[in-house]
Structures are given as structure tokens and as C-alpha cells.
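The file data_19.pdb contains PDB, C-alpha atoms:
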```pdb
ATOM      1  CA  MET A1190     -14.586  30.821  20.180
ATOM      2  CA  ASP A1191     -14.138  27.245  21.406
ATOM      3  CA  PHE A1192     -10.414  26.496  21.172
ATOM      4  CA  VAL A1193      -7.041  27.389  19.657
ATOM      5  CA  PHE A1194      -5.316  24.940  17.315
ATOM      6  CA  LEU A1195      -1.615  24.715  16.377
ATOM      7  CA  PRO A1196      -1.331  22.696  13.121
ATOM      8  CA  GLY A1197       2.231  21.384  13.528
ATOM      9  CA  ASP A1198       5.707  22.716  12.774
ATOM     10  CA  ASN A1199       5.241  24.370  16.136
ATOM     11  CA  ALA A1200       8.970  24.379  16.955
ATOM     12  CA  ASN A1201      11.082  24.933  13.865
ATOM     13  CA  HIS A1202      13.886  22.652  15.083
ATOM     14  CA  ALA A1203      12.131  20.729  17.903
ATOM     15  CA  THR A1204      14.379  22.037  20.677
ATOM     16  CA  ALA A1205      13.397  22.267  24.333
ATOM     17  CA  GLU A1206      13.984  26.045  24.282
ATOM     18  CA  GLN A1207      11.554  26.486  21.388
ATOM     19  CA  TYR A1208       8.831  24.523  23.189
ATOM     20  CA  ASP A1209       9.445  26.625  26.316
ATOM     21  CA  ARG A1210       8.801  29.736  24.233
ATOM     22  CA  ILE A1211       5.633  28.242  22.755
ATOM     23  CA  ARG A1212       4.220  27.441  26.202
ATOM     24  CA  ALA A1213       5.059  30.957  27.397
ATOM     25  CA  ALA A1214       3.315  32.506  24.382
ATOM     26  CA  LEU A1215       0.212  30.389  24.968
ATOM     27  CA  ALA A1216       0.060  30.907  28.739
ATOM     28  CA  PRO A1217      -2.146  34.070  28.654
ATOM     29  CA  LEU A1218      -4.865  32.306  26.629
ATOM     30  CA  THR A1219      -8.050  31.335  28.431
ATOM     31  CA  LEU A1220      -9.286  29.051  25.638
ATOM     32  CA  PRO A1221      -8.256  25.376  25.455
ATOM     33  CA  VAL A1222      -5.265  24.797  23.159
ATOM     34  CA  PHE A1223      -4.870  21.656  21.039
ATOM     35  CA  THR A1224      -1.931  20.802  18.825
ATOM     36  CA  ILE A1225      -0.486  18.142  16.545
ATOM     37  CA  PRO A1226       3.082  17.521  15.360
ATOM     38  CA  GLY A1227       4.508  18.572  12.014
ATOM     39  CA  ASP A1228       7.635  17.437  10.214
ATOM     40  CA  HIS A1229       9.715  20.120  11.966
ATOM     41  CA  ASP A1230       8.573  18.737  15.335
ATOM     42  CA  PHE A1231       9.911  15.383  14.091
ATOM     43  CA  GLU A1232      13.249  16.785  12.984
ATOM     44  CA  ASP A1233      15.397  14.301  14.948
ATOM     45  CA  GLY A1234      13.260  11.311  13.938
ATOM     46  CA  THR A1235      11.252  11.172  17.164
ATOM     47  CA  LEU A1236       8.504  13.154  18.840
ATOM     48  CA  ALA A1237      10.261  13.018  22.204
ATOM     49  CA  ALA A1238      10.908  16.772  22.386
ATOM     50  CA  PHE A1239       7.378  17.588  21.168
ATOM     51  CA  ARG A1240       5.813  15.343  23.808
ATOM     52  CA  ALA A1241       8.106  16.542  26.583
ATOM     53  CA  GLY A1242       7.488  20.193  25.727
ATOM     54  CA  THR A1243       3.740  19.978  25.080
ATOM     55  CA  PRO A1244       1.317  19.149  27.917
ATOM     56  CA  GLU A1245      -0.648  15.957  27.342
ATOM     57  CA  ALA A1246      -3.964  17.812  27.569
ATOM     58  CA  MET A1247      -2.958  19.735  24.442
ATOM     59  CA  ARG A1248      -2.355  16.503  22.471
ATOM     60  CA  PRO A1249      -5.729  14.692  22.274
ATOM     61  CA  PHE A1250      -6.783  12.240  19.601
ATOM     62  CA  ALA A1251     -10.495  13.067  19.835
ATOM     63  CA  ARG A1252     -12.685  15.654  21.535
ATOM     64  CA  GLY A1253     -16.432  16.254  21.396
ATOM     65  CA  ILE A1254     -17.021  20.002  21.149
ATOM     66  CA  GLN A1255     -20.379  21.722  20.585
ATOM     67  CA  GLY A1256     -21.865  18.742  18.709
ATOM     68  CA  TYR A1257     -18.756  18.159  16.573
ATOM     69  CA  ARG A1258     -16.318  15.248  16.803
ATOM     70  CA  CYS A1259     -12.848  16.787  16.495
ATOM     71  CA  LEU A1260     -10.097  14.336  15.485
ATOM     72  CA  PHE A1261      -6.413  15.287  15.776
ATOM     73  CA  LEU A1262      -4.048  13.179  13.651
ATOM     74  CA  ASP A1263      -0.327  12.486  13.763
ATOM     75  CA  ILE A1264       0.878  12.018  10.174
ATOM     76  CA  VAL A1265       4.603  12.370  10.842
ATOM     77  CA  SER A1266       5.784   9.683  13.279
ATOM     78  CA  ALA A1267       4.816   6.753  11.008
ATOM     79  CA  GLY A1268       7.092   8.093   8.263
ATOM     80  CA  SER A1269      10.765   8.841   7.936
ATOM     81  CA  GLY A1270      10.457  12.609   8.394
ATOM     82  CA  GLY A1271      10.423  15.497   5.951
ATOM     83  CA  PRO A1272       7.741  15.043   3.297
ATOM     84  CA  ASP A1273       7.242  11.327   4.097
ATOM     85  CA  PHE A1274       3.812  11.793   5.717
ATOM     86  CA  ARG A1275       1.936   8.634   6.713
ATOM     87  CA  ILE A1276      -0.889   7.437   8.952
ATOM     88  CA  GLY A1277       0.083   4.251  10.767
ATOM     89  CA  ALA A1278      -2.191   1.212  10.742
ATOM     90  CA  GLY A1279      -3.216   1.652  14.373
ATOM     91  CA  GLN A1280      -4.168   5.304  13.980
ATOM     92  CA  ARG A1281      -5.960   4.565  10.697
ATOM     93  CA  ARG A1282      -8.075   2.021  12.549
ATOM     94  CA  ARG A1283      -8.816   4.488  15.370
ATOM     95  CA  LEU A1284      -9.754   7.120  12.780
ATOM     96  CA  ALA A1285     -12.283   4.844  11.060
ATOM     97  CA  GLU A1286     -13.771   3.862  14.415
ATOM     98  CA  ALA A1287     -14.021   7.480  15.574
ATOM     99  CA  LEU A1288     -15.762   8.535  12.364
ATOM    100  CA  ALA A1289     -18.241   5.682  12.758
ATOM    101  CA  ASP A1290     -18.838   6.668  16.389
ATOM    102  CA  ALA A1291     -19.478  10.268  15.305
ATOM    103  CA  ASP A1292     -22.066   9.053  12.815
ATOM    104  CA  ASP A1293     -23.775   6.937  15.481
ATOM    105  CA  ALA A1294     -23.840   9.922  17.858
ATOM    106  CA  GLY A1295     -25.142  12.340  15.218
ATOM    107  CA  GLU A1296     -22.008  14.470  15.466
ATOM    108  CA  THR A1297     -20.415  16.234  12.496
ATOM    109  CA  PRO A1298     -16.728  15.242  12.261
ATOM    110  CA  LEU A1299     -13.895  17.744  11.892
ATOM    111  CA  VAL A1300     -10.313  16.646  11.208
ATOM    112  CA  PHE A1301      -7.039  18.336  12.126
ATOM    113  CA  MET A1302      -3.865  17.113  10.392
ATOM    114  CA  HIS A1303      -0.557  18.658   9.377
ATOM    115  CA  ALA A1304      -0.917  18.302   5.575
ATOM    116  CA  TYR A1305      -3.533  17.340   3.016
ATOM    117  CA  PRO A1306      -4.357  13.653   2.408
ATOM    118  CA  GLY A1307      -2.917  14.194  -1.079
ATOM    119  CA  ASP A1308       0.473  14.779   0.577
ATOM    120  CA  LEU A1309       0.480  11.373   2.276
ATOM    121  CA  SER A1310       3.066   8.984   0.878
ATOM    122  CA  ASP A1311       0.658   6.072   1.049
ATOM    123  CA  GLY A1312      -3.126   5.737   0.989
ATOM    124  CA  GLY A1313      -3.963   9.425   0.753
ATOM    125  CA  GLU A1314      -6.874   8.986  -1.643
ATOM    126  CA  ALA A1315      -8.375   6.284   0.591
ATOM    127  CA  VAL A1316      -8.121   8.597   3.614
ATOM    128  CA  ALA A1317      -9.740  11.502   1.732
ATOM    129  CA  SER A1318     -12.504   9.184   0.473
ATOM    130  CA  LEU A1319     -13.105   8.095   4.066
ATOM    131  CA  PHE A1320     -13.498  11.764   5.047
ATOM    132  CA  ALA A1321     -15.960  12.323   2.202
ATOM    133  CA  GLU A1322     -18.070   9.266   3.011
ATOM    134  CA  ALA A1323     -18.079  10.099   6.744
ATOM    135  CA  GLY A1324     -19.405  13.622   6.138
ATOM    136  CA  VAL A1325     -16.345  15.475   7.445
ATOM    137  CA  ALA A1326     -17.242  19.150   7.123
ATOM    138  CA  PHE A1327     -13.759  20.633   7.356
ATOM    139  CA  VAL A1328     -10.115  19.529   7.539
ATOM    140  CA  ASP A1329      -7.729  22.053   9.105
ATOM    141  CA  THR A1330      -4.053  21.804   8.149
ATOM    142  CA  GLY A1331      -0.733  23.653   8.274
ATOM    143  CA  HIS A1332       2.560  22.679   6.577
ATOM    144  CA  THR A1333       2.338  25.131   3.670
ATOM    145  CA  HIS A1334       4.134  28.459   3.539
ATOM    146  CA  TYR A1335       0.999  29.931   1.965
ATOM    147  CA  ASN A1336      -2.686  30.210   2.821
ATOM    148  CA  GLU A1337      -4.981  27.982   0.795
ATOM    149  CA  LEU A1338      -8.471  26.498   0.658
ATOM    150  CA  LEU A1339      -9.412  23.334  -1.226
ATOM    151  CA  ASN A1340     -12.891  22.060  -2.044
ATOM    152  CA  ASP A1341     -13.002  18.583  -3.609
ATOM    153  CA  GLY A1342     -16.807  18.719  -3.820
ATOM    154  CA  ARG A1343     -17.394  16.813  -0.580
ATOM    155  CA  VAL A1344     -14.918  18.207   1.960
ATOM    156  CA  VAL A1345     -13.346  21.643   2.445
ATOM    157  CA  TYR A1346      -9.660  21.769   3.439
ATOM    158  CA  GLY A1347      -7.914  24.850   4.842
ATOM    159  CA  ALA A1348      -4.164  25.442   5.184
ATOM    160  CA  THR A1349      -2.791  28.248   7.347
ATOM    161  CA  ARG A1350       0.709  29.276   6.377
ATOM    162  CA  SER A1351       3.614  28.410   8.644
ATOM    163  CA  THR A1352       4.586  31.309  10.872
ATOM    164  CA  ALA A1353       8.281  30.375  10.945
ATOM    165  CA  GLN A1354       8.830  30.197   7.187
ATOM    166  CA  ILE A1355       6.660  32.710   5.365
ATOM    167  CA  GLU A1356       7.281  33.587   1.738
ATOM    168  CA  GLU A1357       4.090  35.500   0.931
ATOM    169  CA  ALA A1358       2.817  38.914   2.040
ATOM    170  CA  ASP A1359       6.335  40.035   3.013
ATOM    171  CA  GLY A1360       6.449  37.480   5.816
ATOM    172  CA  ALA A1361       3.424  38.799   7.725
ATOM    173  CA  ALA A1362       2.568  36.324  10.467
ATOM    174  CA  GLY A1363      -1.025  35.762  11.468
ATOM    175  CA  TYR A1364      -3.733  33.332  12.413
ATOM    176  CA  THR A1365      -6.912  31.912  10.928
ATOM    177  CA  ILE A1366     -10.417  32.137  12.342
ATOM    178  CA  VAL A1367     -12.336  29.033  11.294
ATOM    179  CA  SER A1368     -16.021  28.454  11.952
ATOM    180  CA  VAL A1369     -18.204  25.476  11.165
ATOM    181  CA  HIS A1370     -21.797  26.531  11.813
ATOM    182  CA  ASP A1371     -24.485  23.895  11.235
ATOM    183  CA  GLY A1372     -22.078  22.131   8.872
ATOM    184  CA  VAL A1373     -21.183  25.313   6.951
ATOM    185  CA  PRO A1374     -17.428  26.111   6.994
ATOM    186  CA  SER A1375     -16.051  29.635   6.880
ATOM    187  CA  TRP A1376     -12.380  30.642   6.966
ATOM    188  CA  THR A1377     -10.408  33.859   7.072
ATOM    189  CA  PHE A1378      -6.799  34.757   7.861
ATOM    190  CA  ARG A1379      -5.959  37.746  10.058
ATOM    191  CA  PRO A1380      -2.429  39.211   9.887
ATOM    192  CA  ILE A1381      -0.938  40.071  13.257
ATOM    193  CA  GLY A1382      -0.385  43.772  13.783
ATOM    194  CA  ALA A1383      -3.501  45.030  12.020
ATOM    195  CA  GLY A1384      -4.085  47.247  15.073
ATOM    196  CA  ALA A1385      -7.324  48.956  15.985
ATOM    197  CA  ALA A1386      -8.113  49.521  12.316
ATOM    198  CA  GLY A1387      -8.519  45.753  11.917
ATOM    199  CA  TRP A1388     -11.418  45.518  14.363
ATOM    200  CA  PRO A1389     -14.172  44.586  14.700
ATOM    201  CA  HIS A1390     -13.846  41.259  12.922
ATOM    202  CA  VAL A1391     -16.918  40.253  10.912
ATOM    203  CA  GLN A1392     -17.374  36.743   9.528
ATOM    204  CA  ILE A1393     -20.458  35.365   7.799
ATOM    205  CA  VAL A1394     -20.881  31.769   8.983
ATOM    206  CA  SER A1395     -24.127  30.856   7.173
ATOM    207  CA  PRO A1396     -25.114  30.415   4.389
ATOM    208  CA  ALA A1397     -22.038  29.018   2.626
ATOM    209  CA  ASP A1398     -19.938  30.949   0.160
ATOM    210  CA  VAL A1399     -20.231  29.348  -3.279
ATOM    211  CA  ARG A1400     -16.518  28.456  -3.182
ATOM    212  CA  LEU A1401     -17.052  26.361  -0.056
ATOM    213  CA  LEU A1402     -20.378  24.645  -0.673
ATOM    214  CA  THR A1403     -20.281  20.839  -0.503
ATOM    215  CA  ARG A1404     -23.910  19.903   0.218
ATOM    216  CA  PRO A1405     -26.062  21.274  -2.615
ATOM    217  CA  HIS A1406     -29.328  19.935  -1.138
ATOM    218  CA  ASP A1407     -28.725  21.604   2.239
ATOM    219  CA  PRO A1408     -30.439  25.032   2.296
ATOM    220  CA  ARG A1409     -27.582  26.377   4.413
ATOM    221  CA  HIS A1410     -25.248  25.633   1.508
ATOM    222  CA  VAL A1411     -27.588  26.388  -1.415
ATOM    223  CA  PRO A1412     -30.737  28.206  -0.282
ATOM    224  CA  ALA A1413     -33.914  28.406  -2.325
ATOM    225  CA  PRO A1414     -35.378  31.728  -3.477
ATOM    226  CA  GLY A1415     -37.311  33.478  -0.732
ATOM    227  CA  GLU A1416     -36.418  34.198   2.871
ATOM    228  CA  ILE A1417     -32.847  33.173   3.777
ATOM    229  CA  GLU A1418     -31.367  33.109   7.262
ATOM    230  CA  VAL A1419     -28.004  34.861   7.600
ATOM    231  CA  VAL A1420     -25.752  34.212  10.597
ATOM    232  CA  ALA A1421     -22.560  36.144  11.331
ATOM    233  CA  ARG A1422     -20.009  36.419  14.115
ATOM    234  CA  VAL A1423     -18.675  39.805  15.175
ATOM    235  CA  PHE A1424     -15.635  40.067  17.452
ATOM    236  CA  GLY A1425     -14.338  43.265  19.001
ATOM    237  CA  GLU A1426     -15.138  45.546  21.898
ATOM    238  CA  ALA A1427     -18.065  47.927  21.423
ATOM    239  CA  ALA A1428     -18.771  46.578  17.932
ATOM    240  CA  ALA A1429     -21.828  48.120  16.321
ATOM    241  CA  ALA A1430     -24.876  45.929  15.704
ATOM    242  CA  PRO A1431     -24.242  44.395  12.275
ATOM    243  CA  VAL A1432     -26.370  44.932   9.197
ATOM    244  CA  ALA A1433     -26.913  42.352   6.441
ATOM    245  CA  GLU A1434     -26.919  43.783   2.910
ATOM    246  CA  VAL A1435     -28.154  42.035  -0.224
ATOM    247  CA  ALA A1436     -29.768  43.127  -3.479
ATOM    248  CA  GLY A1437     -29.652  46.799  -2.460
ATOM    249  CA  ARG A1438     -31.522  46.203   0.796
ATOM    250  CA  SER A1439     -30.248  46.355   4.383
ATOM    251  CA  VAL A1440     -31.544  44.367   7.368
ATOM    252  CA  THR A1441     -30.442  44.960  10.958
ATOM    253  CA  MET A1442     -29.248  41.747  12.589
ATOM    254  CA  HIS A1443     -30.172  40.599  16.101
ATOM    255  CA  PRO A1444     -28.159  38.643  18.679
ATOM    256  CA  VAL A1445     -28.626  34.879  18.736
ATOM    257  CA  PRO A1446     -29.857  34.124  22.264
ATOM    258  CA  GLY A1447     -27.293  32.352  24.398
ATOM    259  CA  VAL A1448     -24.545  32.358  21.739
ATOM    260  CA  ALA A1449     -21.786  34.901  22.220
ATOM    261  CA  ALA A1450     -20.818  37.296  19.405
ATOM    262  CA  THR A1451     -23.333  35.694  17.016
ATOM    263  CA  TRP A1452     -26.012  37.584  15.090
ATOM    264  CA  GLN A1453     -28.814  36.583  12.744
ATOM    265  CA  ALA A1454     -31.291  38.102  10.307
ATOM    266  CA  ALA A1455     -33.629  36.984   7.541
ATOM    267  CA  VAL A1456     -33.046  38.462   4.092
ATOM    268  CA  THR A1457     -35.112  37.976   0.963
ATOM    269  CA  ILE A1458     -33.673  36.940  -2.405
ATOM    270  CA  ALA A1459     -36.409  36.345  -4.948
ATOM    271  CA  THR A1460     -34.449  35.100  -7.951
ATOM    272  CA  PRO A1461     -32.122  32.122  -8.467
ATOM    273  CA  GLY A1462     -28.487  32.804  -9.306
ATOM    274  CA  LEU A1463     -25.298  34.053  -7.686
ATOM    275  CA  HIS A1464     -25.778  36.912  -5.235
ATOM    276  CA  PRO A1465     -23.246  38.914  -3.173
ATOM    277  CA  LEU A1466     -24.173  39.041   0.506
ATOM    278  CA  SER A1467     -22.465  41.409   2.960
ATOM    279  CA  VAL A1468     -22.552  41.898   6.716
ATOM    280  CA  ARG A1469     -21.262  45.225   8.016
ATOM    281  CA  SER A1470     -20.413  46.405  11.543
ATOM    282  CA  GLY A1471     -19.132  49.959  11.568
ATOM    283  CA  ALA A1472     -16.307  50.135   9.033
ATOM    284  CA  ALA A1473     -15.756  46.358   9.038
ATOM    285  CA  VAL A1474     -17.456  44.253   6.384
ATOM    286  CA  ASP A1475     -17.469  40.658   5.205
ATOM    287  CA  THR A1476     -18.816  39.693   1.774
ATOM    288  CA  ILE A1477     -19.516  36.271   0.303
ATOM    289  CA  ASP A1478     -21.205  35.026  -2.861
ATOM    290  CA  ILE A1479     -24.158  32.708  -2.270
ATOM    291  CA  LEU A1480     -25.761  30.441  -4.834
ATOM    292  CA  VAL A1481     -29.563  30.481  -4.799
ATOM    293  CA  ARG A1482     -31.332  27.655  -6.635
ATOM    294  CA  ASP A1483     -34.712  26.007  -6.798
ATOM    295  CA  ARG A1484     -34.540  22.548  -5.243
ATOM    296  CA  LYS A1485     -35.370  20.823  -8.548
ATOM    297  CA  ASP A1486     -32.310  22.459 -10.149
ATOM    298  CA  ARG A1487     -29.768  21.256  -7.584
ATOM    299  CA  PRO A1488     -27.317  18.625  -8.854
ATOM    300  CA  LYS A1489     -26.612  15.384  -7.042
ATOM    301  CA  ARG A1490     -23.304  15.057  -5.246
ATOM    302  CA  GLY A1491     -20.790  12.933  -7.101
ATOM    303  CA  ARG A1492     -17.651  11.214  -5.896
ATOM    304  CA  PRO A1493     -14.658  13.559  -5.967
ATOM    305  CA  VAL A1494     -11.806  12.825  -8.366
ATOM    306  CA  VAL A1495      -8.448  12.661  -6.502
ATOM    307  CA  PRO A1496     -10.102  13.798  -3.235
ATOM    308  CA  GLY A1497      -8.136  15.740  -0.658
ATOM    309  CA  HIS A1498      -5.567  16.941  -3.190
ATOM    310  CA  ALA A1499      -4.255  20.435  -3.938
ATOM    311  CA  VAL A1500      -5.657  20.223  -7.494
ATOM    312  CA  HIS A1501      -8.925  21.292  -5.886
ATOM    313  CA  THR A1502      -7.632  24.668  -4.739
ATOM    314  CA  ILE A1503     -10.216  27.433  -4.983
ATOM    315  CA  GLY A1504      -7.464  29.838  -6.066
ATOM    316  CA  ALA A1505      -6.958  33.406  -4.935
ATOM    317  CA  TRP A1506      -9.406  35.016  -2.481
ATOM    318  CA  PRO A1507      -7.817  38.353  -1.549
ATOM    319  CA  SER A1508     -10.336  39.335   1.134
ATOM    320  CA  ARG A1509      -9.369  36.125   2.961
ATOM    321  CA  HIS A1510      -5.631  36.770   2.478
ATOM    322  CA  ILE A1511      -5.362  33.854   0.055
ATOM    323  CA  LEU A1512      -3.062  34.935  -2.770
ATOM    324  CA  GLY A1513      -3.237  31.786  -4.893
ATOM    325  CA  ALA A1514       0.481  31.776  -5.724
ATOM    326  CA  GLN A1515       1.288  28.571  -3.768
ATOM    327  CA  LEU A1516       4.643  29.892  -2.615
ATOM    328  CA  GLY A1517       6.531  27.442  -0.461
ATOM    329  CA  PRO A1518       8.609  24.264  -0.506
ATOM    330  CA  ASN A1519       5.880  22.217  -2.121
ATOM    331  CA  ARG A1520       5.183  24.552  -5.034
ATOM    332  CA  ASN A1521       6.937  27.746  -6.096
ATOM    333  CA  GLY A1522       8.858  29.066  -3.106
ATOM    334  CA  GLY A1523      12.440  29.211  -1.955
ATOM    335  CA  GLY A1524      14.715  26.328  -1.053
ATOM    336  CA  TRP A1525      13.959  25.767   2.599
TER     337      TRP A1525
END
```

Go through the file and emit its structure as C-alpha cells.
Amino acid sequence: MDFVFLPGDNANHATAEQYDRIRAALAPLTLPVFTIPGDHDFEDGTLAAFRAGTPEAMRPFARGIQGYRCLFLDIVSAGSGGPDFRIGAGQRRRLAEALADADDAGETPLVFMHAYPGDLSDGGEAVASLFAEAGVAFVDTGHTHYNELLNDGRVVYGATRSTAQIEEADGAAGYTIVSVHDGVPSWTFRPIGAGAAGWPHVQIVSPADVRLLTRPHDPRHVPAPGEIEVVARVFGEAAAAPVAEVAGRSVTMHPVPGVAATWQAAVTIATPGLHPLSVRSGAAVDTIDILVRDRKDRPKRGRPVVPGHAVHTIGAWPSRHILGAQLGPNRNGGGW
């Protein structure tokens, strides 16, 4: 893993005591930690408490990490608080410049913001269109009280439910493991307290699940019939060597040299269509559905309609702890 990200609403009421507790909880981590503010961090109309309680190194605007340009946005301080999310003119300009710089450097951009572009009070569609045109592979968000994934056809958006105000799964807190491998996003939520039975953790990172494909001409999103490379990450002590399973056949995976916890194998799928693909390590298993097509049958990418908006939700995905009910203040939840 490369870093830990806190997607805003870090302190429920933006008090110094709450930020002290956050720093104490993060202190044992050896990975870098990056964070952005949410509307709860802006509760008194300023980000003074957030900035005072959060080390500057945790609050970057941009970082280059493993060939990706990671951009961390503040969408709260330009608005009036609450649901009035905005990106100020200065930050909008920096964002456009950073995306252009990423393109010049051959880096895939990733964006981290508190809510979807569709939740911005002004210019949300223009921001989401900018992400699509710039080739942003994934946008990581918080804000919701429910887990959700969106795919507008060009960009995948993931929302991890707020840990302070949870209305689904009986309030089970947790965290998301996100991977973007060669431009392929994968996402899964892990409830805290799963215990030893929840390990090892297995996550297929390539090829793309059909729900998350955005680049139909990329063989890592839509492979052609024949030999297909499968890459997975397996976390957990003494995890068994994983096995890839497809079309009734099993293939033992091998470690990727120089890349921790990452395994690969070549599997063969001879026919076009939708195929379930699993990777298993001991009792732990991850399964995705991959779309296999001949190159001549792959559609061209169009421009998304209302990009970056919750209308593009993929719906329920129980194995990823996405329930599809959209509980929370923005949809069907209680009156927070």
C-alpha cells in the first residue's frame, strides 16, 4: 500500500480535542497519511481548527506517487458550509494546470475530493468533464453515509461512508482498500472487527470488473479472447499462494517481482462474453465479472451525460459492502 487517505468530515464538530484524537489514532501508522476537509471540518465557517490540528504534510494539493498524479481538493472553504460545496477560481485554475502537467509527464491523474462533482453548487458538470477529458482514472470521495461507486462511462467515483454518522449495516465502521493498477480501478470496503476470519484480503486489480470499465479499447479493461493476464493483491500474514479460477480451470499465481503482495497469472478465455473470474487464497476469495470482446466489436467511448453525478451509480454490490440503498442525508437516511 502507498498511503492512507481521510476523505473529510474527519472531526465531526471541528474541535481541537477531536483533531487530537485523530492524530493519536493515526500515530501508529507507518504509511503516509493525506487528508482533505469536509463540511464538518468547516462547521464554524473556517478551516482554522482543521489546519491547526492537521500537520501540513498531511494536507498536500498534489503528489506524484508510483506514476500517478494525486490531486487533493478543498471543496468546502469556497462555499458557505453544509451542502454548499464549491471549488474556488484559484483552485480550479491550479487543478486544470495540474491535470495538464500530468498529461505532459505521462502520469495518470487521480483525484481526491469530499463529494462528487454533481454535488457542487456551481460548475460541477464542467469539473467532471475536465476529469473525463484529462483521463482521470478514479475519484475518491467521502461525505455520504453509505458506500457507493459511480461509473459515468469515463471516470469511476468511489464514496466511503462516513464513520461518524453511519446509517447502513447497523453502523459498522470500516475502511476502503482502493487500487488503481495500470489505469484499472478496484474498490472494496472492509468492516472493522472482522477478526482473523476476515483475512487474508484478496483483491483482483486487473483486468477490470465490467461495472468499472471505462476504456473499452484497453485490453486491461476489455480483454480479447485468448490469454489474459490476471493481477491480484493478497494481504495477510502467511497467506497461501493464490489461485486464479475461470471457466472451470484453476491456475496457480506467481509473485510479481519487486512488488509486494502482488501476484499474477495468465488464464485462457476462448469465447467473447461475460465471464466470472475468481482469485482464491485459502478460504478468502474475490470474484469479478470481466467482459471479453473481439477488438472489432468494442464500442467507441462517448461523452458522458451529466458526468460525475450520482445518477451513474452502479447499484448494489454486496461482496464489496455496497448495499445500494443510498441511506444518508442526501438520499433516504435520517435527519442529521

Translate the PyMOL selection byres ((chain A and resi 1261-1277) around 6), as applied to the file shown, into an explicit residue set as a PDB file with C-alpha atoms, in the frame of the given file.
```pdb
ATOM      1  CA  ASP A1228       7.635  17.437  10.214  1.00  0.00           C
ATOM      2  CA  PHE A1250      -6.783  12.240  19.601  1.00  0.00           C
ATOM      3  CA  LEU A1260     -10.097  14.336  15.485  1.00  0.00           C
ATOM      4  CA  ALA A1278      -2.191   1.212  10.742  1.00  0.00           C
ATOM      5  CA  GLY A1279      -3.216   1.652  14.373  1.00  0.00           C
ATOM      6  CA  GLN A1280      -4.168   5.304  13.980  1.00  0.00           C
ATOM      7  CA  PHE A1301      -7.039  18.336  12.126  1.00  0.00           C
ATOM      8  CA  MET A1302      -3.865  17.113  10.392  1.00  0.00           C
ATOM      9  CA  LEU A1309       0.480  11.373   2.276  1.00  0.00           C
ATOM     10  CA  SER A1310       3.066   8.984   0.878  1.00  0.00           C
TER      11      SER A1310
END
```

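Rounded to one decimal, CA of Asn1201 (chain A) and CA of Val1367 (chain A) lie 23.9 Å from each other.
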
Worksheet entry | Residues matched by the PyMOL selection byres ((chain A and resi 1434-1446) around 9), written as a PyMOL selection string | chain A and resi 1419-1421+1430-1433+1447-1458+1464-1469

Worksheet item: So what does the PyMOL selection byres ((chain A and resi 1480) around 12) actually pick up in this one, as an MDAnalysis selection string?
Response: chainID A and resid 1396:1414 1417 1458 1460:1466 1477:1479 1481:1484 1486:1487

For the residues in the current selection, export C-alpha atoms as a CSV table (one decimal), in the coordinates of the input.
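Below you can see result.csv, which holds the result:
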```csv
chain,number,residue,atom,x,y,z
A,1396,PRO,CA,-25.1,30.4,4.4
A,1397,ALA,CA,-22.0,29.0,2.6
A,1398,ASP,CA,-19.9,30.9,0.2
A,1399,VAL,CA,-20.2,29.3,-3.3
A,1400,ARG,CA,-16.5,28.5,-3.2
A,1401,LEU,CA,-17.1,26.4,-0.1
A,1402,LEU,CA,-20.4,24.6,-0.7
A,1403,THR,CA,-20.3,20.8,-0.5
A,1404,ARG,CA,-23.9,19.9,0.2
A,1405,PRO,CA,-26.1,21.3,-2.6
A,1406,HIS,CA,-29.3,19.9,-1.1
A,1407,ASP,CA,-28.7,21.6,2.2
A,1408,PRO,CA,-30.4,25.0,2.3
A,1409,ARG,CA,-27.6,26.4,4.4
A,1410,HIS,CA,-25.2,25.6,1.5
A,1411,VAL,CA,-27.6,26.4,-1.4
A,1412,PRO,CA,-30.7,28.2,-0.3
A,1413,ALA,CA,-33.9,28.4,-2.3
A,1414,PRO,CA,-35.4,31.7,-3.5
A,1417,ILE,CA,-32.8,33.2,3.8
A,1458,ILE,CA,-33.7,36.9,-2.4
A,1460,THR,CA,-34.4,35.1,-8.0
A,1461,PRO,CA,-32.1,32.1,-8.5
A,1462,GLY,CA,-28.5,32.8,-9.3
A,1463,LEU,CA,-25.3,34.1,-7.7
A,1464,HIS,CA,-25.8,36.9,-5.2
A,1465,PRO,CA,-23.2,38.9,-3.2
A,1466,LEU,CA,-24.2,39.0,0.5
A,1477,ILE,CA,-19.5,36.3,0.3
A,1478,ASP,CA,-21.2,35.0,-2.9
A,1479,ILE,CA,-24.2,32.7,-2.3
A,1481,VAL,CA,-29.6,30.5,-4.8
A,1482,ARG,CA,-31.3,27.7,-6.6
A,1483,ASP,CA,-34.7,26.0,-6.8
A,1484,ARG,CA,-34.5,22.5,-5.2
A,1486,ASP,CA,-32.3,22.5,-10.1
A,1487,ARG,CA,-29.8,21.3,-7.6
```

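Counting all atoms listed in the file, the residue from A:Gln1255, A:Asn1336, A:Thr1352, A:Gln1207 that sits nearest to Gly1513 (chain A) is A:Asn1336.
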
Practice prompt. For Glu1314 (chain A), work out the shell of residues within 12 Å, counting all atoms listed in the file and skipping chain neighbours fewer than 5 positions away, then give it as a list of chain:residue names.
Written response: A:Tyr1305, A:Pro1306, A:Gly1307, A:Asp1308, A:Leu1309, A:Leu1319, A:Phe1320, A:Ala1321, A:Asp1341, A:Arg1492, A:Pro1493, A:Val1494, A:Val1495, A:Pro1496, A:Gly1497, A:His1498, A:Ala1499
